[in-house]
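Chemist: Below is the file run.cif, with mmCIF, C-alpha atoms.
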data_upload
loop_
_atom_site.label_atom_id
_atom_site.label_comp_id
_atom_site.auth_asym_id
_atom_site.auth_seq_id
_atom_site.Cartn_x
_atom_site.Cartn_y
_atom_site.Cartn_z
CA MET A 1 -99.48 -18.26 99.54
CA THR A 2 -99.50 -19.13 95.85
CA PRO A 3 -96.63 -21.46 94.81
CA LEU A 4 -94.73 -20.23 91.74
CA THR A 5 -95.17 -22.21 88.53
CA ARG A 6 -92.62 -22.82 85.77
CA ALA A 7 -93.93 -19.85 83.80
CA PHE A 8 -92.57 -17.48 86.45
CA TYR A 9 -89.03 -18.78 85.97
CA ALA A 10 -89.18 -19.04 82.14
CA ARG A 11 -87.85 -15.50 81.64
CA PRO A 12 -84.41 -13.85 81.60
CA ALA A 13 -82.55 -14.10 84.91
CA PRO A 14 -82.42 -10.32 85.65
CA ALA A 15 -86.21 -10.00 85.28
CA VAL A 16 -86.82 -13.02 87.50
CA ALA A 17 -84.28 -11.85 90.08
CA ALA A 18 -86.01 -8.49 90.53
CA GLU A 19 -89.38 -10.19 91.02
CA LEU A 20 -88.01 -12.79 93.45
CA LEU A 21 -87.66 -10.03 96.05
CA GLY A 22 -90.53 -10.39 98.50
CA LYS A 23 -91.28 -13.97 97.47
CA LEU A 24 -91.29 -16.73 100.08
CA LEU A 25 -88.82 -19.63 100.21
CA VAL A 26 -90.75 -22.56 101.66
CA HIS A 27 -89.37 -25.90 102.87
CA SER A 28 -92.05 -28.26 104.16
CA ASP A 29 -89.99 -31.47 104.27
CA GLU A 30 -88.56 -30.59 107.68
CA PRO A 31 -88.96 -31.16 111.43
CA GLY A 32 -91.09 -28.02 111.09
CA LEU A 33 -92.13 -25.71 108.28
CA LEU A 34 -89.44 -23.25 107.17
CA VAL A 35 -90.52 -19.98 105.55
CA ALA A 36 -88.45 -16.89 104.73
CA ARG A 37 -88.97 -13.76 102.63
CA ILE A 38 -86.30 -13.18 99.98
CA VAL A 39 -84.58 -9.78 100.23
CA GLU A 40 -81.44 -10.20 98.08
CA VAL A 41 -80.84 -12.00 94.76
CA GLU A 42 -78.17 -11.97 92.04
CA ALA A 43 -78.71 -12.82 88.36
CA TYR A 44 -76.28 -14.71 86.09
CA THR A 45 -76.44 -15.75 82.41
CA GLN A 46 -74.15 -17.82 80.21
CA GLU A 47 -72.92 -14.71 78.34
CA ASP A 48 -71.72 -13.36 81.68
CA ALA A 49 -68.07 -14.04 82.55
CA ALA A 50 -68.98 -14.29 86.26
CA SER A 51 -71.49 -17.09 85.65
CA HIS A 52 -70.87 -20.79 86.25
CA ALA A 53 -72.50 -21.32 82.82
CA PHE A 54 -70.01 -19.09 80.96
CA ARG A 55 -67.80 -21.94 79.69
CA GLY A 56 -70.67 -24.25 78.82
CA PRO A 57 -72.29 -27.28 80.45
CA THR A 58 -70.40 -29.48 82.92
CA ALA A 59 -71.49 -32.17 85.33
CA ARG A 60 -71.55 -29.54 88.08
CA ASN A 61 -73.59 -26.84 86.33
CA ALA A 62 -75.85 -29.09 84.23
CA PRO A 63 -79.05 -27.93 86.01
CA MET A 64 -78.42 -24.37 84.77
CA PHE A 65 -78.92 -25.62 81.20
CA GLY A 66 -82.06 -27.58 82.04
CA ALA A 67 -85.68 -26.54 82.34
CA PRO A 68 -86.46 -23.36 84.27
CA GLY A 69 -87.81 -23.69 87.78
CA HIS A 70 -85.21 -26.20 88.98
CA ALA A 71 -82.60 -25.80 91.72
CA TYR A 72 -78.90 -25.46 91.06
CA VAL A 73 -77.02 -26.04 94.32
CA TYR A 74 -73.23 -25.71 94.16
CA PHE A 75 -70.33 -26.15 96.57
CA THR A 76 -67.85 -23.31 97.03
CA TYR A 77 -64.68 -22.54 98.99
CA GLY A 78 -64.52 -26.20 99.99
CA MET A 79 -67.14 -25.70 102.71
CA HIS A 80 -70.33 -23.92 101.61
CA TRP A 81 -73.43 -24.77 99.57
CA CYS A 82 -75.41 -22.08 97.71
CA LEU A 83 -78.93 -22.23 96.23
CA ASN A 84 -79.83 -20.91 92.78
CA VAL A 85 -83.08 -21.11 90.83
CA VAL A 86 -82.76 -21.86 87.11
CA THR A 87 -84.41 -19.39 84.73
CA GLY A 88 -84.89 -18.72 81.02
CA THR A 89 -85.17 -21.54 78.50
CA THR A 90 -83.80 -25.08 78.33
CA GLY A 91 -80.31 -25.10 76.82
CA HIS A 92 -79.45 -21.52 77.79
CA GLY A 93 -77.57 -21.50 81.08
CA GLN A 94 -78.82 -18.91 83.52
CA GLY A 95 -80.16 -18.56 87.03
CA CYS A 96 -80.59 -16.50 90.17
CA LEU A 97 -78.53 -16.88 93.34
CA LEU A 98 -80.63 -16.49 96.50
CA ARG A 99 -78.37 -14.35 98.69
CA ALA A 100 -80.44 -13.42 101.75
CA ALA A 101 -83.88 -13.71 103.32
CA GLU A 102 -85.88 -12.68 106.37
CA PRO A 103 -86.84 -15.71 108.51
CA LEU A 104 -90.58 -15.94 109.17
CA GLU A 105 -91.23 -19.51 110.36
CA GLY A 106 -89.04 -22.33 111.63
CA GLN A 107 -86.39 -20.17 113.25
CA GLU A 108 -85.70 -22.81 115.89
CA VAL A 109 -84.60 -25.29 113.19
CA MET A 110 -82.56 -22.61 111.45
CA ARG A 111 -80.84 -21.61 114.71
CA ALA A 112 -79.91 -25.22 115.45
CA ARG A 113 -78.30 -25.58 112.02
CA ARG A 114 -76.56 -22.22 112.31
CA GLY A 115 -75.05 -22.86 115.74
CA GLY A 116 -77.46 -20.66 117.66
CA ARG A 117 -76.71 -17.51 115.66
CA ALA A 118 -78.87 -14.41 116.10
CA ASP A 119 -81.93 -14.32 113.86
CA ARG A 120 -80.45 -11.54 111.72
CA GLU A 121 -77.54 -13.82 110.82
CA LEU A 122 -79.55 -16.95 110.02
CA LEU A 123 -80.09 -16.23 106.31
CA ARG A 124 -77.85 -13.22 105.66
CA GLY A 125 -75.69 -14.60 102.87
CA PRO A 126 -76.14 -17.46 100.37
CA ALA A 127 -74.11 -20.05 102.31
CA ARG A 128 -75.96 -19.27 105.54
CA LEU A 129 -79.29 -19.55 103.75
CA ALA A 130 -78.47 -22.97 102.33
CA GLN A 131 -77.15 -24.19 105.69
CA ALA A 132 -80.22 -22.98 107.61
CA TYR A 133 -82.48 -24.73 105.10
CA GLY A 134 -80.48 -27.96 105.19
CA LEU A 135 -79.60 -27.82 101.48
CA ASP A 136 -76.63 -29.49 99.83
CA GLY A 137 -75.72 -31.04 96.49
CA ARG A 138 -78.46 -33.64 96.76
CA TRP A 139 -80.96 -30.86 96.04
CA SER A 140 -79.29 -29.76 92.80
CA GLY A 141 -81.62 -30.47 89.89
CA THR A 142 -84.73 -30.61 92.09
CA ASP A 143 -87.87 -29.17 90.49
CA LEU A 144 -89.06 -26.20 92.55
CA SER A 145 -92.02 -25.25 90.36
CA ALA A 146 -95.63 -26.01 91.22
CA ARG A 147 -98.07 -27.71 88.84
CA PRO A 148 -101.76 -26.80 88.81
CA GLY A 149 -103.82 -29.40 90.64
CA HIS A 150 -100.82 -30.87 92.47
CA ALA A 151 -99.32 -30.21 95.87
CA PRO A 152 -96.23 -28.01 95.61
CA PRO A 153 -92.78 -29.58 95.99
CA ALA A 154 -91.32 -29.78 99.49
CA LEU A 155 -88.91 -26.99 98.52
CA HIS A 156 -90.53 -24.21 96.52
CA LEU A 157 -91.09 -20.49 96.24
CA ALA A 158 -94.43 -18.78 96.75
CA ASP A 159 -96.13 -15.41 96.34
CA ASP A 160 -98.16 -13.88 99.16
CA GLY A 161 -98.71 -10.54 97.41
CA ALA A 162 -95.73 -8.65 98.89
CA ARG A 163 -94.25 -6.14 96.44
CA PRO A 164 -91.22 -4.48 98.02
CA ASP A 165 -89.17 -1.69 96.49
CA VAL A 166 -86.24 -2.94 94.41
CA ALA A 167 -82.72 -1.50 94.21
CA THR A 168 -79.66 -2.66 92.27
CA THR A 169 -75.91 -2.79 92.79
CA ALA A 170 -72.96 -4.53 91.26
CA ARG A 171 -72.73 -8.16 92.36
CA THR A 172 -70.58 -9.12 95.30
CA GLY A 173 -67.70 -11.59 95.44
CA VAL A 174 -67.04 -11.72 91.68
CA ALA A 175 -63.88 -10.64 89.83
CA ALA A 176 -65.14 -10.96 86.25
CA ALA A 177 -67.96 -8.67 85.08
CA ALA A 178 -67.83 -7.03 88.51
CA GLU A 179 -69.47 -3.86 87.21
CA VAL A 180 -72.70 -5.56 86.09
CA ALA A 181 -75.56 -4.27 88.27
CA TRP A 182 -77.40 -7.56 88.64
CA ARG A 183 -77.61 -7.69 92.42
CA PHE A 184 -81.19 -6.95 93.40
CA VAL A 185 -81.98 -6.00 96.99
CA VAL A 186 -84.81 -4.60 99.08
CA PRO A 187 -83.41 -1.16 99.97
CA GLY A 188 -82.91 -0.65 103.68
CA SER A 189 -83.61 -4.28 104.59
CA ARG A 190 -81.83 -5.25 107.81
CA TRP A 191 -81.81 -8.84 106.58
CA ALA A 192 -79.75 -8.17 103.42
CA SER A 193 -75.96 -8.31 103.39
CA PRO A 194 -74.24 -4.91 103.58
CA TYR A 195 -72.69 -3.87 100.30
CA LYS A 196 -72.17 -1.03 97.84
CA ALA A 197 -74.38 1.99 97.29
CA HIS A 198 -77.45 1.01 95.29
CA ARG A 199 -79.87 2.70 92.96
CA ARG A 200 -83.59 2.23 93.18
CA LEU A 201 -85.35 0.77 90.15
CA ALA A 202 -88.07 2.96 88.62
#
Any chance you could give the structure as structure tokens?

Modeler:
Amino acid sequence: MTPLTRAFYARPAPAVAAELLGKLLVHSDEPGLLVARIVEVEAYTQEDAASHAFRGPTARNAPMFGAPGHAYVYFTYGMHWCLNVVTGTTGHGQGCLLRAAEPLEGQEVMRARRGGRADRELLRGPARLAQAYGLDGRWSGTDLSARPGHAPPALHLADDGARPDVATTARTGVAAAAEVAWRFVVPGSRWASPYKAHRRLA
């Protein structure tokens, strides 16, 4: 596995989101190593009415306007945390919401946090993913990017060479800009959340 550096994230959110499919979400600061393969991602930018960055910086969304390669973890519906990775350039709010992943290692820890749910339901949705990984607001602003010559952060993303097919749909759970096709998913993945008909990227 090759941990992703800041250069990977320093691009527009839709481009990063498409390439996040197949990457590994790694959490080593745990009772055991957690590893999962990302199968569903959504992109958001500050020009986008569905984005948390649309109305400018706030205390909550400040990481979205910071350096790429950091985490933005937000609380929603009064009960759930969701993990985003910040992309683009400093000062321009954008990022990618990690929506679903296939568990590869550490399922016993994930099951304990998810109340013994079946493996298919451990990471199938952004709130479930954050819960299974033990993530909350304390992780918002954390640097996820690796630096050459240094050990990667406890929470990071990595590349093991997987290059899955990529399909797109409109994003889920948004009212504004609902038609924007910035949900990227591995077509046919049993680990992704069910949603609208998709089109395969060329």

Chemist: Using only C-alpha atoms, which protein or nucleic acid residues come within 10 Å of segment 124-138 of chain A? Drop anything in the same chain fewer than 3 positions from it, and give the result as number ranges by chain.

Modeler: A: 25-27, 30, 34-36, 39-41, 60, 71-76, 79-84, 97-103, 106-115, 119-121, 141-142, 155, 190-194

Chemist: For each of A:Asp143, A:Asp29, A:Gly93, A:Ile38, take the minimum atom-to-atom distance to Arg55 of chain A, counting all atoms listed in the file, then give the residue where this is smallest.

Modeler: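 With all atoms listed in the file as the atom set, the closest residue is A:Gly93.
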
Chemist: Rank nothing, just name the residue among A:Thr87, A:Gln94, A:Asn61, A:Thr169 nearest to Ser145 of chain A, using only C-alpha atoms.

Modeler: A:Thr87

Chemist: Could you work out how far atom CA of Ala118 of chain A lies from atom CA of Gly95 of chain A, giving the answer in Å with one decimal?

Modeler: 29.4 Å

Chemist: Between A:Gly22, A:Gly32, A:Pro187, A:Pro3, which is the closest to Glu105 of chain A once you count all atoms listed in the file?

Modeler: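 Between A:Gly22, A:Gly32, A:Pro187, A:Pro3, the residue approaching Glu105 of chain A most closely is A:Gly32.
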
Chemist: Here's the selection I'm unsure about, the PyMOL selection byres ((chain A and resi 166) around 12); applied to the file above, which residues does it give, as a PyMOL selection string?

Modeler: chain A and resi 15+17-22+38-41+162-165+167-169+182-189+198-202

Chemist: Choose the residue, out of A:Gly69, A:Pro31, A:Pro148, A:Pro14, that has the smallest atom-to-atom separation from Asp48 of chain A; count only C-alpha atoms.

Modeler: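 Counting only C-alpha atoms, the residue closest to Asp48 of chain A is A:Pro14.
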
Chemist: Give me the result of the PyMOL selection byres ((chain A and resi 89) around 10) on this file, residue by residue, as number ranges by chain.

Modeler: A: 9-12, 64-69, 86-88, 90-94

Chemist: Just checking: using all atoms listed in the file, which residue out of A:Leu104, A:Leu122, A:Ala59, A:Ala154 ends up closest to Lys23 of chain A?

Modeler: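 Answer, going by the shortest atom-to-atom distance: A:Leu104.
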